[in-house]
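Structure first, commentary second.
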Amino acid sequence: MLEKIEKIRLEAEQEDLSTPEHLASFRIRFLGSKGVIKGLYQEFKSVNPDEKREIGAALNQLKQAVEDRLVLLETPKKELKKFTKTEDYSKPAVTRTTGSLHPLSMITQEIVAIFEKIGFISSEGPEIEDDWHNFSALNFPPDHPARDMQDTFFLDDPFASFSLRTHTSSVQVRVMESSTLPIRTLSPGRVYRNEAISARAHCFFHQIEGLYIDQHVTLADLKQTLEYFAKCFFGSSVKIRLRPSYFPFTEPSAEVDVSCTLCSGSGCSICKHSGWLEILGCGMVDPNVLEDCGIDSKTYSGFAFGMGVERIAQLKYRVNDLRLYSENDLRFLDQFHL
Ligand code: DAH
């Protein structure tokens with residue numbers, strides 16, 4: 001019987017299985033209920049007990065070899081059939097919605113990264129602030145209009161005067177009070193003003209405060225730093241100009257404009273035909289402020305600046321309605337996917 005099995009094994013191995021028809025008849029002939037292998041197993045029943053072991057093993061091997069050949073040849077066809085039934089690879093891809101950073105976060109990160117390159121580190125302060133950090137230490141006279149109820153959200157506290165911070169300049173004070181010199185810091189954060197909400201004003205918005213304190217810091221350092229920032233952020237052909245201004249905590253103070261990013265300074269509706277766009281306020285830290293924060297104003301000097309993140313974003317993305325930044329409308333936010 002061993003010889004018979006071997007002969008059938010060779011036959012099965014050499015059988016031409018190049019067409020589906022051949023495959024089908026091969027399967028029936030060898031594995032069918034009345035097939036060759038079934039017949040061999042029948043025959044096996046009457047084999048001599050001491051030959052059973054050897055012949056049984058050969059028979060099982062034959063069956064396995066036939067099945068393996070079929071599996072090998074039939075599987076790809078089956079798999080292909082399964083795929084073509086369920087998948088159409090010419091269909092457009094399924095789009096997956098992923099979250100992304102808010103445009104104001106993107107702008108903030110970009111600005112922080114620019115200043116990090118020249119040694120500024122980030123700092124934070126609380127949004128609920130006391131009078132000292134938001135006003136007094138920053139040289140605001142007691143009757144300054146910024147302390148007025150119309151600008152500031154005061155908190156109801158009979159024992160102390162707390163408010164929502166009106167600017168991130170409060171963080172300057174906290175950093176100067178607690179750090180060792182020199183200081184190079186950037187403080188991004190949310191600020192609050194008691195304003196009616198419209199396209200051009202909001203009761204909360206975002207600012208980034210910058211502060212540099214060291215020996216021999218001059219107005220030239222301030223201008224150079226801001227020019228470096230403007231060129232990194234708006235492009236290397238941008239120009240800046242400083243216009244004299246007033247802030248209680250800096251002397252001298254200035255407002256900074258960049259040449260219009262749309263018309264390059266020749267005049268258009270964005271820059272109201274002036275060729276310039278205002279981006280921030282700045283100045284040399286007033287000696288009174290340094291002294292209030294425990295810094296010797298005879299040895300140290302410094303500059304500070306503060307910019308509105310929404311304002312910078314408006315210039316970069318040409319968004320003219322401030323409300324869009326806080327309405328969570330995906331039709332707006334989706335446009336800022338990287
Ligand atoms: N704190 C000012 C504001 O909210 C902005 C500002 C102006 C910050 C001049 C500064 C500065 O540090 O030097 O309008």
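Order determines the names: the first chain of the structure tokens is A, the second B, and so forth; residues in each chain are numbered 1 upward, and ligands are numbered 1 upward as they are shown.
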
Practice problem: Just the residues within 12 Å of A:Cys282, please, counting only C-alpha atoms, with nothing from its chain fewer than 6 positions along; format it as a ChimeraX atom specification. | Solution: /A:169,208-212,219,222-223,225-226,241-257,302-307

Practice problem: Give the helix (DSSP H, G or I) residues of stretch 183-303 of chain A, as assigned by DSSP on the backbone, as a PyMOL selection string. | Solution: chain A and resi 219-234+287-292

Quiz item: Got a sec: who's within 8 Å of A:Glu127, counting only C-alpha atoms, leaving out chain neighbours fewer than 3 positions off, as a PyMOL selection string?
Solution: chain A and resi 164-165+190-191

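Closest approach to ligand 1 among A:Ala146, A:Ile295, A:Ile5, A:Val175: A:Ala146, based on only C-alpha atoms and all ligand atoms.
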
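As for atom CA of A:Lys231 and atom CA of A:Ser179, they are spaced 29.8 Å apart.
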
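Checking A:Asn194, A:Ser170, A:Gln109, A:Gln335 one by one against A:His133, counting only C-alpha atoms, you find the shortest gap at A:Ser170.
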